[in-house]
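Heads up: the structure comes next, in structure tokens.
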Protein chains: 2
Amino acid sequence: MALLSPSRRLRRTPFSDGVEAAGIKAYTVYNHMLLPTMFRSLEEDYHHLKQAVQVWDVACERQIELRGPDAGRLMQMLTPRDLRGMLPGQCYYVPIVDETGGMLNDPVAVKLAEDRWWISIADSDLLYWVKAIAYGYRLDVLVDEPDVSPLAVQGPRAEDLMAAVFGDSVRAIRFFRCTHLPFQGKDLVVARSGYSKQGGFEIYVEGSDIGMPLWNALFEAGKSLDVYAGGPNLIERIESGLLSYGNDMTDDNTPHECGLGRFCNTHTAIGCIGRDALLRVAKEGPVQIIRPVEIAGDAVPACDRYWPITAGGKVVGRISSAAWSPDFGTNVAIGMVRMTHWDPGTELQVSAPDGIRQATVRESFWN
Amino acid sequence: MALLSPSRRLRRTPFSDGVEAAGIKAYTVYNHMLLPTMFRSLEEDYHHLKQAVQVWDVACERQIELRGPDAGRLMQMLTPRDLRGMLPGQCYYVPIVDETGGMLNDPVAVKLAEDRWWISIADSDLLYWVKAIAYGYRLDVLVDEPDVSPLAVQGPRAEDLMAAVFGDSVRAIRFFRCTHLPFQGKDLVVARSGYSKQGGFEIYVEGSDIGMPLWNALFEAGKSLDVYAGGPNLIERIESGLLSYGNDMTDDNTPHECGLGRFCNTHTAIGCIGRDALLRVAKEGPVQIIRPVEIAGDAVPACDRYWPITAGGKVVGRISSAAWSPDFGTNVAIGMVRMTHWDPGTELQVSAPDGIRQATVRESFWN
């Protein structure tokens, strides 16, 4: 692995001092910001995440704030998910599409009030799209990036750690719901969510100045829980079937291809910019779809480019994420597979950098 | 320095195989793509760039193509630079601003024909802004990212190397002009431009398949010229006063603050989205401006965050890029300084991570 050159452009976060003190070994760059990827080793971090509790600097999940009388209208223009029934305090996973139905981002939208939303974004400058749409349509809405940096607490002991810092009321927060909880005199939005299947919370830290106090409070309270610093773990997220924008899908893909059709209410999401383009794919279905794929053999190398998936020598898809899973004793992967070969159980070949390997389409890894 | 975790999301380029074979040591990430920053050491790369010739993988300067009857109108909406006099075959440095006059990018626009442009972008997803403006205004224009990857040839021997591969006609290309030159049966756009002050060219490699053939042809032809792989060099670009979007300026800054007022024809750039907002700053001038700053003492550490600039204990600006210059025997830096302290020769203090240092505002480092 090569080194990452430091620069101001790759933004530090309110938690970077804590990340460095915890012995960060590797980063990725996400929304022009440092995202920790490895502290001890990918496998040690993975086992620890599944057994204990980790604090993740996910400040790179930048927020786009929509505020004003047209905030709700603008939000619906961005996504084919029908938002009419959404209540303040709810979080929705919302595919964002352009006029061709291509995905521009796959964020979580947080409805704070009827006229105030946060969009917690994946890795693309969605702010540019949203600002220009608001401008082109002359909407009465403020669109900007507030000083809000999410901190995630993930793992089986996450609830105990959160209760130790925020009190037992965190235990009542339901999945993908959020509430306001006080910390050092500030009310912070706390949601039960996060980019793992180990359970946990995301704290939307408003104001960089309380970043390290909160980080330190979590580590102080978590001593008996074996708390450690972590980050989204490549192995765990593939096992759990969590997609990554930019890895597994791009603006070339519709939500339906990404298996996100259940988040598209294309008929009723009136106002959605990509609605016309998506009506046909919603009716006829996609011709390729993202699937979990098991790859045989020893541990695969790092998947830093698409690996072609073939059947009888013909390309029928591509792998976009892959890792050796110690718990499953096999390579887990995520790939896009054409209709002719997407049934679970289908045997395929994957052209990994070290040679051709047998592979099998799976329904899921996690159940 | 920490490691950079590989993933598909951090895109490889058509030249990555060559970059790896040349012994890449460090990358940065730019437009979701790998940008080489160091091959031997920052200082060795720097001396070599100033003495010989380097081939740079700058594929991360992604292109936005505008094509169709409204291409010119859209291009003028994006920038306060008056484009009426621009001819096909010319390249213009164009600040791109939003409706508040804040900079969204600082690309080079290449006018290929009256109805066809490439925007060669700095590090932000400008495509999202341009697509949404075109959509909101119902313009007749195609906007997308074509398969075009710039390869730069920089250094005092750049012209000789280019002539060896493309023929002597490259010598006639004037600064910031481009022409079409054949390579292996394809016509490539070649411009005299690049992100150094050592002279050179940028080849807009259209079609990933000819990336490595061209890379190899340049290294084969350059053996006697001491050609080596390189990349934008932190030291050289600060010495040369070349700004970096995301480092030295963000969407918080107007072009005038960045010393780019000469690229703003705010009165006559009719149609520019940020024109109203910029008229006042064009008339009254900015209250802070980017300046070269010399920082006293030994070599500064890496500048990975803003360093406050103070005068008498009061903050009057911030340093955003800094490096030790072996040739100048001092630390060179780029900072934003308030009007009260921006005159060349002004003595200031810089709060570097290792302590407070004396600093001096300079007119420029390079003349």
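Every chain in the structure tokens has a letter given in the order shown (A, B, ...), and although residue numbers restart at 1 in each chain, ligands are simply numbered from 1 in the order shown.
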*Could you give me, as an MDAnalysis selection string, the residues within 6 Å of Trp129 of chain B, counting only C-alpha atoms and dropping anything in the same chain fewer than 4 positions from it?*
chainID A and resid 128:129 132
Atoms kept (all heavy atoms) for selection, written as a short mmCIF file (atom, residue, chain, number, x, y, z; two decimals), in the first residue's frame:
data_model
loop_
_atom_site.label_atom_id
_atom_site.label_comp_id
_atom_site.auth_asym_id
_atom_site.auth_seq_id
_atom_site.Cartn_x
_atom_site.Cartn_y
_atom_site.Cartn_z
N TYR A 128 -23.54 20.37 -4.62
CA TYR A 128 -23.53 21.11 -5.89
C TYR A 128 -24.83 20.86 -6.67
O TYR A 128 -25.39 21.77 -7.27
CB TYR A 128 -22.33 20.69 -6.74
CG TYR A 128 -21.00 21.31 -6.33
CD1 TYR A 128 -20.77 21.73 -5.02
CD2 TYR A 128 -19.98 21.47 -7.25
CE1 TYR A 128 -19.55 22.29 -4.65
CE2 TYR A 128 -18.76 22.03 -6.89
CZ TYR A 128 -18.55 22.43 -5.59
OH TYR A 128 -17.34 22.98 -5.25
N TRP A 129 -25.27 19.61 -6.67
CA TRP A 129 -26.52 19.26 -7.36
C TRP A 129 -27.70 19.95 -6.69
O TRP A 129 -28.53 20.59 -7.35
CB TRP A 129 -26.68 17.75 -7.36
CG TRP A 129 -27.98 17.23 -7.92
CD1 TRP A 129 -29.07 16.81 -7.20
CD2 TRP A 129 -28.33 17.07 -9.30
NE1 TRP A 129 -30.06 16.40 -8.06
CE2 TRP A 129 -29.64 16.54 -9.34
CE3 TRP A 129 -27.66 17.30 -10.50
CZ2 TRP A 129 -30.29 16.26 -10.55
CZ3 TRP A 129 -28.31 17.02 -11.70
CH2 TRP A 129 -29.60 16.52 -11.71
N ALA A 132 -27.81 23.79 -7.14
CA ALA A 132 -28.13 24.21 -8.50
C ALA A 132 -29.59 23.94 -8.83
O ALA A 132 -30.23 24.73 -9.54
CB ALA A 132 -27.21 23.52 -9.51
#
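The protein and nucleic acid residues lying at most 10 Å from Arg157 of chain B are Leu49, Lys50, Gln51, Ala52, Val53, Gln54, Gln198, Gly199, Gly200, Gly222, Leu225, Asp226 and Val227 of chain B, with only C-alpha atoms considered and sequence neighbours fewer than 6 positions away removed.
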Residues at most 7 Å from segment 142-147 of chain A, counting only C-alpha atoms, excluding those fewer than 5 positions away in the same chain, as a PDB file with C-alpha atoms, in the first residue's frame?
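Dumped everything to out.pdb:
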ATOM      1  CA  GLN A  63     -24.619  17.035   6.024  1.00  0.00           C
ATOM      2  CA  ILE A  64     -26.554  19.083   3.532  1.00  0.00           C
ATOM      3  CA  GLU A  65     -29.041  21.226   5.365  1.00  0.00           C
ATOM      4  CA  LEU A  66     -32.284  22.234   3.659  1.00  0.00           C
ATOM      5  CA  ARG A  67     -34.176  24.935   5.493  1.00  0.00           C
ATOM      6  CA  GLY A  68     -37.142  27.083   4.504  1.00  0.00           C
ATOM      7  CA  LYS A 131     -27.828  24.014  -4.720  1.00  0.00           C
ATOM      8  CA  GLU A 206     -23.132  20.038  15.976  1.00  0.00           C
ATOM      9  CA  GLY A 207     -20.184  22.364  16.558  1.00  0.00           C
ATOM     10  CA  SER A 208     -16.614  21.147  16.092  1.00  0.00           C
TER      11      SER A 208
END
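If you measure from each of A:Glu239, A:Glu43, A:Asp140, A:Asp304 to chain B using only C-alpha atoms, the closest one turns out to be A:Asp304.
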*Enumerate, as an NGL selection string, the complete set of residues in segment 226-299 of chain A that a backbone-based DSSP assignment places in helix (DSSP H, G or I).*
:A and (234-239 or 261-263 or 275-284)
_Residues of chain A were defined as contacting chain B if any atom lay at most 9 Å from it, counting only C-alpha atoms; please report them as a PyMOL selection string._
chain A and resi 1-12+24-32+37-38+98-99+104+123-137+244-248+302-306+320-321
*Excluding same-chain residues fewer than 5 positions from Cys91 of chain B, what lies within 10 Å of it counting only C-alpha atoms, as a VMD selection string?*
chain B and resid 86 108 to 112 117 to 120 175 to 178 191 to 193
*Using only C-alpha atoms, determine which residues lie at most 10 Å from Asp115 of chain A, disregarding the query and same-chain residues fewer than 6 positions distant; provide the list as a ChimeraX atom specification.*
/A:66-73,88,141
Residues within 8 Å of Tyr204 of chain B, only C-alpha atoms, excluding chain neighbours under 5 positions, as an mmCIF file with all heavy atoms, in the first residue's frame:
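This went into part12.cif:
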data_model
loop_
_atom_site.group_PDB
_atom_site.id
_atom_site.type_symbol
_atom_site.label_atom_id
_atom_site.label_comp_id
_atom_site.auth_asym_id
_atom_site.auth_seq_id
_atom_site.Cartn_x
_atom_site.Cartn_y
_atom_site.Cartn_z
ATOM 1 N N VAL B 148 -11.690 10.765 -21.069
ATOM 2 C CA VAL B 148 -10.531 11.590 -21.419
ATOM 3 C C VAL B 148 -9.677 11.747 -20.172
ATOM 4 O O VAL B 148 -10.184 12.148 -19.121
ATOM 5 C CB VAL B 148 -10.968 12.976 -21.937
ATOM 6 C CG1 VAL B 148 -9.755 13.881 -22.134
ATOM 7 C CG2 VAL B 148 -11.761 12.843 -23.222
ATOM 8 N N SER B 149 -8.403 11.415 -20.275
ATOM 9 C CA SER B 149 -7.496 11.445 -19.126
ATOM 10 C C SER B 149 -6.241 12.232 -19.486
ATOM 11 O O SER B 149 -5.432 11.765 -20.288
ATOM 12 C CB SER B 149 -7.102 10.017 -18.740
ATOM 13 O OG SER B 149 -8.231 9.287 -18.320
ATOM 14 N N PRO B 150 -6.066 13.404 -18.883
ATOM 15 C CA PRO B 150 -4.865 14.181 -19.205
ATOM 16 C C PRO B 150 -3.584 13.518 -18.689
ATOM 17 O O PRO B 150 -3.561 12.925 -17.608
ATOM 18 C CB PRO B 150 -5.096 15.518 -18.488
ATOM 19 C CG PRO B 150 -6.569 15.610 -18.314
ATOM 20 C CD PRO B 150 -7.021 14.191 -18.084
ATOM 21 N N LEU B 151 -2.544 13.619 -19.503
ATOM 22 C CA LEU B 151 -1.199 13.202 -19.137
ATOM 23 C C LEU B 151 -0.331 14.442 -19.353
ATOM 24 O O LEU B 151 -0.365 15.032 -20.425
ATOM 25 C CB LEU B 151 -0.750 12.054 -20.044
ATOM 26 C CG LEU B 151 0.561 11.344 -19.701
ATOM 27 C CD1 LEU B 151 0.456 10.597 -18.376
ATOM 28 C CD2 LEU B 151 0.942 10.355 -20.810
ATOM 29 N N LEU B 188 -5.233 13.448 -30.829
ATOM 30 C CA LEU B 188 -5.328 13.851 -29.433
ATOM 31 C C LEU B 188 -5.188 15.365 -29.301
ATOM 32 O O LEU B 188 -4.387 15.981 -30.001
ATOM 33 C CB LEU B 188 -4.235 13.177 -28.608
ATOM 34 C CG LEU B 188 -4.217 11.646 -28.622
ATOM 35 C CD1 LEU B 188 -3.117 11.126 -27.714
ATOM 36 C CD2 LEU B 188 -5.572 11.084 -28.216
ATOM 37 N N VAL B 189 -5.964 15.944 -28.403
ATOM 38 C CA VAL B 189 -5.811 17.364 -28.092
ATOM 39 C C VAL B 189 -4.548 17.527 -27.245
ATOM 40 O O VAL B 189 -4.386 16.855 -26.227
ATOM 41 C CB VAL B 189 -7.045 17.900 -27.335
ATOM 42 C CG1 VAL B 189 -6.811 19.340 -26.870
ATOM 43 C CG2 VAL B 189 -8.291 17.814 -28.212
ATOM 44 N N VAL B 190 -3.646 18.387 -27.697
ATOM 45 C CA VAL B 190 -2.408 18.669 -26.966
ATOM 46 C C VAL B 190 -2.348 20.167 -26.700
ATOM 47 O O VAL B 190 -2.483 20.967 -27.630
ATOM 48 C CB VAL B 190 -1.168 18.236 -27.775
ATOM 49 C CG1 VAL B 190 0.116 18.605 -27.036
ATOM 50 C CG2 VAL B 190 -1.212 16.738 -28.062
#
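DSSP secondary structure from the backbone places Cys91, Tyr92, Tyr93, Ile96, Val97, Met103, Leu104, Asn105, Val108, Ala109, Val110, Lys111, Leu112, Ala113, Arg116, Trp117, Trp118, Ile119 and Ser120 of chain B of segment 72-137 of chain B in strand (DSSP E).
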Could you please take those selected residues and save N, CA and C atoms as a CSV table (one decimal), in the first residue's frame?
chain,number,residue,atom,x,y,z
B,91,CYS,N,-7.4,27.8,-24.6
B,91,CYS,CA,-7.7,27.4,-23.3
B,91,CYS,C,-7.8,28.6,-22.4
B,92,TYR,N,-8.8,28.7,-21.5
B,92,TYR,CA,-8.9,29.8,-20.6
B,92,TYR,C,-9.0,29.2,-19.2
B,93,TYR,N,-8.3,29.8,-18.3
B,93,TYR,CA,-8.4,29.6,-16.8
B,93,TYR,C,-9.7,30.3,-16.4
B,96,ILE,N,-15.0,29.3,-11.5
B,96,ILE,CA,-16.5,28.9,-11.6
B,96,ILE,C,-17.1,29.3,-10.2
B,97,VAL,N,-18.2,30.1,-10.3
B,97,VAL,CA,-18.8,30.6,-9.1
B,97,VAL,C,-20.3,30.2,-9.0
B,103,MET,N,-16.4,30.3,-5.0
B,103,MET,CA,-15.8,29.5,-6.0
B,103,MET,C,-16.1,28.0,-5.8
B,104,LEU,N,-16.6,27.4,-6.9
B,104,LEU,CA,-16.9,26.0,-6.9
B,104,LEU,C,-15.8,25.1,-7.5
B,105,ASN,N,-14.9,25.7,-8.2
B,105,ASN,CA,-13.9,25.0,-8.9
B,105,ASN,C,-13.0,26.1,-9.6
B,108,VAL,N,-9.6,24.7,-16.1
B,108,VAL,CA,-9.2,25.3,-17.4
B,108,VAL,C,-10.3,24.8,-18.4
B,109,ALA,N,-10.9,25.8,-19.1
B,109,ALA,CA,-11.9,25.5,-20.2
B,109,ALA,C,-11.2,25.4,-21.5
B,110,VAL,N,-11.4,24.3,-22.2
B,110,VAL,CA,-10.9,24.2,-23.6
B,110,VAL,C,-12.0,24.3,-24.6
B,111,LYS,N,-11.9,25.3,-25.4
B,111,LYS,CA,-13.0,25.4,-26.5
B,111,LYS,C,-12.6,24.6,-27.7
B,112,LEU,N,-13.3,23.5,-27.9
B,112,LEU,CA,-12.9,22.7,-29.0
B,112,LEU,C,-13.6,23.1,-30.3
B,113,ALA,N,-14.8,23.7,-30.2
B,113,ALA,CA,-15.6,24.2,-31.3
B,113,ALA,C,-16.6,25.1,-30.8
B,116,ARG,N,-18.8,23.0,-28.6
B,116,ARG,CA,-18.2,21.9,-27.9
B,116,ARG,C,-17.1,22.3,-27.0
B,117,TRP,N,-17.2,22.1,-25.7
B,117,TRP,CA,-16.2,22.5,-24.7
B,117,TRP,C,-15.8,21.3,-23.8
B,118,TRP,N,-14.5,21.4,-23.3
B,118,TRP,CA,-14.2,20.5,-22.2
B,118,TRP,C,-13.8,21.5,-21.0
B,119,ILE,N,-14.3,21.1,-19.9
B,119,ILE,CA,-13.8,21.8,-18.6
B,119,ILE,C,-13.0,20.8,-17.9
B,120,SER,N,-11.7,21.2,-17.7
B,120,SER,CA,-10.7,20.3,-17.1
B,120,SER,C,-10.6,20.7,-15.6
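Residues in contact range of Pro255 of chain B, defined as at most 8 Å between only C-alpha atoms, with sequence neighbours fewer than 3 positions away removed, read Pro95, Gly101, Gly102, Met103, Cys258, Gly259, Leu260, Gly261 and Cys264 of chain B.
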Write out the residues from the selection above, keeping all heavy atoms, as a short mmCIF file (atom, residue, chain, number, x, y, z; two decimals), in the first residue's frame.
data_model
loop_
_atom_site.label_atom_id
_atom_site.label_comp_id
_atom_site.auth_asym_id
_atom_site.auth_seq_id
_atom_site.Cartn_x
_atom_site.Cartn_y
_atom_site.Cartn_z
N PRO B 95 -12.45 30.84 -13.30
CA PRO B 95 -13.08 30.62 -12.00
C PRO B 95 -14.55 30.28 -12.21
O PRO B 95 -15.21 30.89 -13.06
CB PRO B 95 -12.94 31.98 -11.29
CG PRO B 95 -11.97 32.78 -12.11
CD PRO B 95 -12.03 32.23 -13.50
N GLY B 101 -21.24 34.05 -5.58
CA GLY B 101 -19.88 34.42 -5.99
C GLY B 101 -18.82 33.54 -5.36
O GLY B 101 -17.63 33.80 -5.52
N GLY B 102 -19.22 32.49 -4.65
CA GLY B 102 -18.26 31.57 -4.04
C GLY B 102 -17.71 30.61 -5.08
O GLY B 102 -18.44 30.12 -5.94
N MET B 103 -16.42 30.31 -4.97
CA MET B 103 -15.79 29.48 -5.99
C MET B 103 -16.13 28.00 -5.82
O MET B 103 -15.96 27.43 -4.75
CB MET B 103 -14.28 29.66 -5.96
CG MET B 103 -13.87 31.00 -6.54
SD MET B 103 -12.09 31.16 -6.64
CE MET B 103 -11.73 29.94 -7.91
N CYS B 258 -8.95 35.45 -4.13
CA CYS B 258 -7.90 34.51 -4.53
C CYS B 258 -6.93 35.15 -5.52
O CYS B 258 -6.11 34.45 -6.12
CB CYS B 258 -8.53 33.26 -5.14
SG CYS B 258 -9.74 32.52 -4.05
N GLY B 259 -7.04 36.46 -5.67
CA GLY B 259 -6.15 37.14 -6.61
C GLY B 259 -6.48 36.84 -8.06
O GLY B 259 -5.65 36.98 -8.94
N LEU B 260 -7.72 36.41 -8.30
CA LEU B 260 -8.12 36.02 -9.65
C LEU B 260 -9.04 37.05 -10.29
O LEU B 260 -9.76 36.77 -11.24
CB LEU B 260 -8.82 34.64 -9.60
CG LEU B 260 -7.99 33.51 -8.98
CD1 LEU B 260 -8.83 32.25 -8.82
CD2 LEU B 260 -6.75 33.22 -9.81
N GLY B 261 -9.02 38.27 -9.73
CA GLY B 261 -9.84 39.35 -10.27
C GLY B 261 -9.59 39.59 -11.75
O GLY B 261 -10.51 39.94 -12.49
N CYS B 264 -11.91 37.90 -14.01
CA CYS B 264 -13.33 38.22 -13.83
C CYS B 264 -13.65 39.51 -14.59
O CYS B 264 -13.14 40.58 -14.26
CB CYS B 264 -13.65 38.42 -12.35
SG CYS B 264 -13.37 36.96 -11.35
#
*Quick one: of A:Tyr228, A:Tyr195, A:Phe219, A:Phe201, who's nearest to His47 of chain A, counting only C-alpha atoms?*
A:Tyr228
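For the atom pair formed by atom CA of Met162 of chain A and atom CA of Gln184 of chain A, the distance is 14.7 Å, given to one decimal.
Going from atom CA of Trp324 of chain B to atom CA of Glu294 of chain B covers 9.9 Å.
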*Can you tell me how far atom CA of Ile270 of chain A sits from atom CA of Pro286 of chain A, in Å to one decimal?*
21.4 Å
